[in-house]
$ cat start-v8.cif   # mmCIF, C-alpha atoms and all ligand atoms
data_input
loop_
_atom_site.label_atom_id
_atom_site.label_comp_id
_atom_site.auth_asym_id
_atom_site.auth_seq_id
_atom_site.Cartn_x
_atom_site.Cartn_y
_atom_site.Cartn_z
CA MET A 1 1.81 -17.04 -14.35
CA GLU A 2 4.13 -19.37 -12.44
CA THR A 3 1.84 -21.41 -10.25
CA ASN A 4 4.59 -23.19 -8.29
CA ILE A 5 5.66 -19.99 -6.51
CA THR A 6 4.39 -19.84 -2.93
CA SER A 7 2.76 -16.86 -1.36
CA PHE A 8 5.84 -16.39 0.84
CA ASP A 9 8.13 -16.45 -2.23
CA LYS A 10 6.03 -13.81 -3.93
CA ARG A 11 6.17 -11.50 -0.93
CA ASN A 12 9.84 -12.20 -0.38
CA GLY A 13 10.58 -11.38 -4.02
CA VAL A 14 8.85 -8.03 -3.55
CA LYS A 15 10.88 -7.33 -0.42
CA LYS A 16 14.19 -8.14 -2.16
CA ASN A 17 13.13 -6.00 -5.09
CA TYR A 18 12.51 -2.93 -2.92
CA ASP A 19 15.73 -3.50 -0.98
CA LEU A 20 17.52 -3.45 -4.32
CA ILE A 21 15.90 -0.32 -5.76
CA ALA A 22 15.36 1.65 -2.51
CA LYS A 23 17.98 4.33 -3.17
CA GLN A 24 16.71 5.06 -6.64
CA TYR A 25 13.06 4.86 -5.62
CA SER A 26 13.54 7.18 -2.68
CA LYS A 27 15.39 9.71 -4.83
CA ASP A 28 12.38 9.90 -7.14
CA PHE A 29 9.56 9.48 -4.64
CA GLY A 30 10.89 10.14 -1.10
CA THR A 31 9.37 13.61 -0.97
CA PHE A 32 7.25 13.67 -4.12
CA ILE A 33 3.59 13.93 -3.12
CA GLU A 34 1.26 13.21 -6.01
CA ASP A 35 -2.52 12.88 -5.82
CA LEU A 36 -2.76 15.61 -3.22
CA ASP A 37 -6.54 15.53 -3.63
CA VAL A 38 -6.50 12.02 -2.17
CA TYR A 39 -4.56 13.11 0.91
CA GLU A 40 -6.96 16.02 1.37
CA GLU A 41 -10.02 13.78 1.08
CA PHE A 42 -8.50 11.40 3.63
CA GLU A 43 -7.77 14.22 6.05
CA LYS A 44 -11.33 15.55 5.88
CA TYR A 45 -12.58 12.55 7.83
CA LEU A 46 -9.83 12.30 10.46
CA PRO A 47 -10.42 13.33 14.07
CA PRO A 48 -7.86 15.67 15.68
CA ASN A 49 -4.71 13.82 16.78
CA ALA A 50 -5.72 10.82 14.69
CA ARG A 51 -3.68 7.64 14.78
CA ILE A 52 -2.70 6.89 11.18
CA LEU A 53 -1.14 3.68 9.91
CA ASP A 54 0.63 3.81 6.54
CA LEU A 55 0.81 0.33 5.02
CA GLY A 56 3.78 0.03 2.67
CA ALA A 57 5.24 3.33 3.89
CA GLY A 58 8.27 3.00 1.63
CA SER A 59 10.63 5.95 1.66
CA GLY A 60 8.29 8.13 3.66
CA ARG A 61 6.57 10.57 1.34
CA THR A 62 3.29 10.02 3.17
CA TYR A 63 5.05 10.75 6.44
CA SER A 64 6.33 14.03 5.02
CA TYR A 65 2.72 15.06 4.41
CA PHE A 66 1.13 13.92 7.69
CA ASN A 67 4.05 14.95 9.87
CA LYS A 68 3.16 18.59 9.37
CA ARG A 69 -0.10 17.97 11.21
CA ASN A 70 -0.74 16.86 14.73
CA TYR A 71 -1.27 13.18 13.99
CA GLU A 72 0.22 10.05 15.45
CA TYR A 73 1.71 8.58 12.28
CA ILE A 74 3.06 5.01 12.12
CA GLY A 75 4.67 3.64 8.97
CA LEU A 76 4.93 -0.07 8.22
CA ASP A 77 7.03 -1.68 5.50
CA PHE A 78 9.09 -4.86 5.21
CA SER A 79 11.98 -3.41 3.20
CA LYS A 80 14.85 -2.47 5.51
CA GLU A 81 16.49 -0.45 2.73
CA MET A 82 13.30 1.56 2.14
CA LYS A 83 13.11 2.25 5.87
CA ASP A 84 16.78 3.36 5.96
CA CYS A 85 16.16 5.66 3.00
CA ALA A 86 13.04 7.06 4.68
CA PHE A 87 15.04 7.87 7.84
CA ALA A 88 17.92 9.34 5.79
CA ILE A 89 15.48 11.73 4.10
CA HIS A 90 13.05 12.56 6.91
CA GLY A 91 14.86 11.64 10.15
CA GLU A 92 13.60 8.82 12.38
CA PHE A 93 9.89 8.36 12.91
CA PRO A 94 7.65 5.50 14.10
CA TYR A 95 8.16 2.72 11.54
CA ILE A 96 7.38 -0.97 11.93
CA LEU A 97 9.70 -3.16 9.88
CA ASP A 98 7.59 -6.20 9.06
CA ASP A 99 5.35 -7.84 6.52
CA MET A 100 1.88 -6.30 6.57
CA THR A 101 0.40 -9.77 6.81
CA ASN A 102 1.59 -9.60 10.46
CA LEU A 103 -0.42 -6.48 11.19
CA LYS A 104 -2.35 -7.98 14.07
CA LYS A 105 0.90 -8.47 16.04
CA TYR A 106 1.10 -4.71 16.47
CA PHE A 107 -2.45 -3.36 16.59
CA ASN A 108 -5.44 -4.21 18.74
CA ALA A 109 -8.97 -4.28 17.44
CA ASN A 110 -10.59 -0.82 17.13
CA SER A 111 -7.34 1.06 17.67
CA VAL A 112 -6.58 3.00 14.47
CA ASP A 113 -8.36 6.09 13.06
CA GLY A 114 -7.00 5.97 9.54
CA ILE A 115 -5.22 3.45 7.32
CA PHE A 116 -3.45 4.75 4.23
CA ALA A 117 -2.23 2.18 1.68
CA VAL A 118 -1.13 3.75 -1.57
CA TYR A 119 0.56 1.65 -4.28
CA SER A 120 1.33 -1.17 -1.87
CA LEU A 121 -1.56 -3.66 -1.61
CA PHE A 122 -1.02 -4.64 -5.24
CA HIS A 123 2.05 -6.58 -4.12
CA LEU A 124 0.07 -8.94 -1.91
CA PRO A 125 -0.83 -12.37 -3.23
CA LYS A 126 -4.61 -12.55 -3.61
CA ASP A 127 -5.27 -14.82 -0.61
CA ASP A 128 -3.08 -12.62 1.59
CA LEU A 129 -4.95 -9.55 0.41
CA LYS A 130 -8.26 -11.13 1.37
CA LYS A 131 -6.94 -11.89 4.87
CA LEU A 132 -5.36 -8.43 5.19
CA LEU A 133 -8.68 -6.75 4.40
CA SER A 134 -10.17 -8.62 7.34
CA ASP A 135 -7.28 -7.51 9.65
CA ILE A 136 -7.66 -3.92 8.48
CA TYR A 137 -11.37 -3.88 9.24
CA ASP A 138 -10.65 -5.36 12.65
CA ILE A 139 -8.04 -2.82 13.77
CA LEU A 140 -9.97 0.20 12.45
CA LYS A 141 -12.13 2.08 14.93
CA VAL A 142 -15.78 2.55 14.06
CA ASN A 143 -15.86 5.73 11.92
CA GLY A 144 -12.23 5.00 11.08
CA ILE A 145 -11.23 5.41 7.43
CA PHE A 146 -9.34 3.26 4.96
CA LEU A 147 -7.74 4.66 1.81
CA PHE A 148 -6.19 2.24 -0.64
CA THR A 149 -5.32 1.83 -4.28
CA TYR A 150 -5.72 -1.14 -6.57
CA GLN A 151 -4.82 -1.73 -10.18
CA ILE A 152 -7.90 -2.50 -12.21
CA GLY A 153 -7.68 -5.61 -14.33
CA PRO A 154 -7.75 -9.36 -14.30
CA GLY A 155 -5.32 -11.81 -12.75
CA GLU A 156 -1.83 -11.51 -11.33
CA GLU A 157 1.71 -11.69 -12.68
CA MET A 158 5.41 -11.57 -11.99
CA ALA A 159 6.16 -8.22 -13.59
CA ASP A 160 9.27 -6.41 -14.73
CA GLU A 161 10.56 -3.99 -12.12
CA PRO A 162 10.67 -0.66 -13.99
CA TYR A 163 13.98 0.32 -12.33
CA LEU A 164 15.56 -2.96 -13.41
CA LYS A 165 14.33 -2.81 -16.96
CA ASN A 166 15.93 -5.05 -19.56
CA LYS A 167 17.77 -7.07 -16.93
CA GLY A 168 15.23 -9.86 -17.27
CA VAL A 169 14.46 -9.76 -13.54
CA LYS A 170 10.80 -10.71 -13.25
CA VAL A 171 10.52 -10.69 -9.48
CA LEU A 172 7.83 -8.15 -8.82
CA TYR A 173 4.59 -9.85 -7.91
CA MET A 174 1.53 -7.77 -8.86
CA ASN A 175 -2.13 -8.50 -8.30
CA TYR A 176 -4.92 -6.89 -10.31
CA GLN A 177 -8.58 -6.74 -9.36
CA THR A 178 -11.55 -6.21 -11.59
CA ASN A 179 -14.06 -3.81 -10.04
CA GLU A 180 -16.39 -6.78 -9.53
CA GLU A 181 -13.67 -8.71 -7.68
CA MET A 182 -12.93 -5.75 -5.43
CA LYS A 183 -16.62 -5.31 -4.69
CA ASN A 184 -16.82 -8.98 -3.69
CA LEU A 185 -13.70 -8.71 -1.53
CA LEU A 186 -15.29 -5.86 0.42
CA THR A 187 -18.75 -7.39 0.69
CA PRO A 188 -18.23 -8.91 4.17
CA TYR A 189 -17.54 -5.49 5.71
CA SER A 190 -19.71 -2.55 6.74
CA TYR A 191 -18.09 0.34 4.96
CA LYS A 192 -19.52 3.51 3.49
CA LYS A 193 -17.76 4.67 0.32
CA LEU A 194 -16.57 8.29 0.71
CA TYR A 195 -14.48 8.85 -2.37
CA ARG A 196 -13.17 7.17 -5.50
CA LYS A 197 -11.06 8.28 -8.40
CA GLU A 198 -9.36 6.48 -11.25
CA LYS A 199 -6.07 7.37 -12.86
CA ILE A 200 -4.59 5.94 -16.05
CA GLU A 201 -0.86 5.29 -15.82
CA THR A 202 1.76 3.81 -18.11
CA SER A 203 2.62 0.26 -17.21
CA ASP A 204 5.17 -2.45 -17.87
CA SER A 205 2.54 -5.06 -17.21
CA ALA A 206 2.37 -7.84 -19.77
CA ILE A 207 -1.29 -8.52 -19.11
CA ASN A 208 -2.50 -4.95 -19.17
CA SER A 209 -0.59 -3.85 -22.29
CA ASN A 210 0.83 -0.32 -22.03
CA SER A 211 -1.39 1.27 -19.46
CA VAL A 212 -3.10 0.38 -16.25
CA THR A 213 -5.84 2.16 -14.33
CA THR A 214 -5.22 2.79 -10.65
CA ALA A 215 -8.32 3.15 -8.47
CA PHE A 216 -8.13 5.21 -5.27
CA VAL A 217 -10.86 4.29 -2.81
CA LEU A 218 -11.71 5.87 0.53
CA LEU A 219 -14.02 3.96 2.88
CA LYS A 220 -15.44 4.61 6.34
CA LYS A 221 -16.11 1.78 8.76
CA ILE A 222 -19.69 2.26 9.90
CA LYS A 223 -20.07 -0.49 12.49
C1 LIG A 301 5.44 1.13 -4.80
S1 LIG A 301 6.06 1.23 -3.16
C2 LIG A 301 4.99 2.47 -2.49
C3 LIG A 301 5.57 3.13 -1.26
C4 LIG A 301 4.74 4.31 -0.73
N1 LIG A 301 3.41 3.91 -0.34
C5 LIG A 301 4.69 5.40 -1.75
O1 LIG A 301 3.61 5.66 -2.30
O2 LIG A 301 5.75 6.00 -2.02
C6 LIG A 301 5.44 -0.24 -2.39
C7 LIG A 301 5.94 -0.44 -0.96
O3 LIG A 301 5.17 -1.49 -0.35
C8 LIG A 301 6.05 -2.31 0.41
N2 LIG A 301 5.44 -3.64 0.54
C9 LIG A 301 5.01 -4.44 -0.47
N3 LIG A 301 4.51 -5.58 0.03
C10 LIG A 301 4.62 -5.50 1.39
C11 LIG A 301 4.28 -6.38 2.47
N4 LIG A 301 3.74 -7.57 2.24
N5 LIG A 301 4.52 -5.97 3.74
C12 LIG A 301 5.09 -4.75 3.98
N6 LIG A 301 5.45 -3.88 3.00
C13 LIG A 301 5.21 -4.25 1.72
C14 LIG A 301 7.35 -2.30 -0.39
O4 LIG A 301 8.47 -2.66 0.39
C15 LIG A 301 7.40 -0.86 -0.88
O5 LIG A 301 8.09 -0.02 0.01
#
$ encode --input "start-v8.cif" --output "structure tokens"
Amino acid sequence: METNITSFDKRNGVKKNYDLIAKQYSKDFGTFIEDLDVYEEFEKYLPPNARILDLGAGSGRTYSYFNKRNYEYIGLDFSKEMKDCAFAIHGEFPYILDDMTNLKKYFNANSVDGIFAVYSLFHLPKDDLKKLLSDIYDILKVNGIFLFTYQIGPGEEMADEPYLKNKGVKVLYMNYQTNEEMKNLLTPYSYKKLYRKEKIETSDSAINSNSVTTAFVLLKKIK
């Protein structure tokens, strides 16, 4: 792990990476909804006309799911190319182009019914993730829900971007959390756990050998 890389550099590397691979990524994932069960669980706890924030909205596959319902959906992502691809596929929709560490610039406390963050928080440096979890709790309404994924494991790394394989470009910052670490990260907050599933996936991670387990967690803010 390169310790001289700043938190900004790590996030900026991730942004550049997604700008670079956006077209290819969006071709594969722009409309491909996997883990439908997770979307359905999330929806179960939403009020009618819920305000949903999608953190790391990417090329818009989440939008394609929630758009069919009567929700106020807002995507947020810092990759301009991913946003352009999302609009090319789905047409324009509410989309904040910024780093999610700036979340509080856009949302007041107690103003969002549901936060959906699938395959995105693992790109946040650990200290930023800790701060983001506090911002998320703050902007969620009481009874609001938070769905997120994390990759189970120790440490962090600059990983190979799968789409840039064999080009020696190790720009993709990834954080991993042991279940104990995640439990500790969430300890300050009053959440009720509604749902959890784990999924084993192939991985290019050096520190997790050939596979990594993704945890999907759904929480409800109770006070
Ligand atoms: C693996 S993609 C997942 C996209 C989408 N959630 C999906 O499932 O298709 C990760 C996305 O998170 C975005 N992202 C990563 N770190 C971010 C940050 N700090 N602020 C905003 N977006 C970020 C990337 O630009 C990328 O679009």
$ residues_around --input "start-v8.cif" --residues "range 180-192 of chain A" --least-positions-apart "3" --cutoff "7 Å" --atoms "all atoms listed in the file" --output "PyMOL selection string"
chain A and resi 130+177+219-223
$ axis_aligned_box --input "start-v8.cif" --around "ligand LIG 301 (chain A)" --padding-each-side "6 Å" --output "JSON"
{"center_x": 5.9, "center_y": -0.8, "center_z": -0.4, "size_x": 17.1, "size_y": 25.6, "size_z": 20.8}
$ closest_residue --input "start-v8.cif" --among "A:Asn17, A:Ser111, A:Ser120, A:Asn102" --to "ligand LIG 301 (chain A)" --atoms "all atoms listed in the file"
A:Ser120
$ closest_residue --input "start-v8.cif" --among "A:Asp128, A:Asp99, A:Glu198, A:Glu156" --to "ligand LIG 301 (chain A)" --atoms "all atoms listed in the file"
A:Asp99
$ residues_near_ligand --input "start-v8.cif" --ligand "ligand LIG 301 (chain A)" --cutoff "8 Å" --atoms "all atoms listed in the file" --output "JSON, numbers by chain"
{"A": [11, 14, 15, 17, 18, 19, 22, 26, 29, 30, 54, 55, 56, 57, 58, 59, 60, 61, 62, 76, 77, 78, 79, 82, 97, 98, 99, 100, 101, 117, 118, 119, 120, 121, 122, 123, 124]}
$ atom_distance --input "start-v8.cif" --atom1 "CA of Arg196 in chain A" --atom2 "CA of Phe216 in chain A"
5.4 Å
$ atom_distance --input "start-v8.cif" --atom1 "CA of Gly13 in chain A" --atom2 "CA of Leu172 in chain A"
6.4 Å
$ residues_around --input "start-v8.cif" --residues "Gly155 in chain A" --least-positions-apart "2" --cutoff "7 Å" --atoms "all atoms listed in the file" --output "JSON, numbers by chain"
{"A": [153, 175, 176, 177]}
$ residues_around --input "start-v8.cif" --residues "Lys197 in chain A" --least-positions-apart "2" --cutoff "7 Å" --atoms "all atoms listed in the file" --output "ChimeraX atom specification"
/A:195,199,215-217
$ residues_around --input "start-v8.cif" --residues "Gly114 in chain A" --least-positions-apart "6" --cutoff "8 Å" --atoms "all atoms listed in the file" --output "list of chain:residue names"
A:Leu46, A:Ala50, A:Arg51, A:Ile52, A:Leu53, A:Leu140, A:Gly144, A:Ile145, A:Phe146, A:Leu147
$ atom_distance --input "start-v8.cif" --atom1 "CA of Glu40 in chain A" --atom2 "CA of Ile139 in chain A"
22.6 Å
$ residues_around --input "start-v8.cif" --residues "Tyr39 in chain A" --least-positions-apart "4" --cutoff "10 Å" --atoms "only C-alpha atoms" --output "PyMOL selection string"
chain A and resi 33-35+43-44+62+65-66+116+147
$ closest_residue --input "start-v8.cif" --among "A:Phe42, A:Asp37, A:Thr6, A:Glu72" --to "Phe148 in chain A" --atoms "only C-alpha atoms"
A:Phe42
$ closest_atom_pairs --input "start-v8.cif" --of "range 11-102 of chain A" --to "range 162-166 of chain A" --cutoff "9 Å" --atoms "all atoms listed in the file" --output "JSON lines"
{"residue": "A:Ile21", "atom": "CA", "partner": "A:Tyr163", "partner_atom": "CA", "distance": 6.9}
{"residue": "A:Gln24", "atom": "CA", "partner": "A:Tyr163", "partner_atom": "CA", "distance": 7.9}
{"residue": "A:Tyr25", "atom": "CA", "partner": "A:Tyr163", "partner_atom": "CA", "distance": 8.2}
$ closest_residue --input "start-v8.cif" --among "A:Cys85, A:Ile74, A:Leu103, A:Leu20" --to "Leu132 in chain A" --atoms "only C-alpha atoms"
A:Leu103
$ closest_residue --input "start-v8.cif" --among "A:Asp113, A:Glu157, A:Asp9, A:Glu92" --to "Asp138 in chain A" --atoms "only C-alpha atoms"
A:Asp113
$ closest_residue --input "start-v8.cif" --among "A:Leu218, A:Lys23, A:Leu129, A:Asn49" --to "Phe87 in chain A" --atoms "all atoms listed in the file"
A:Lys23
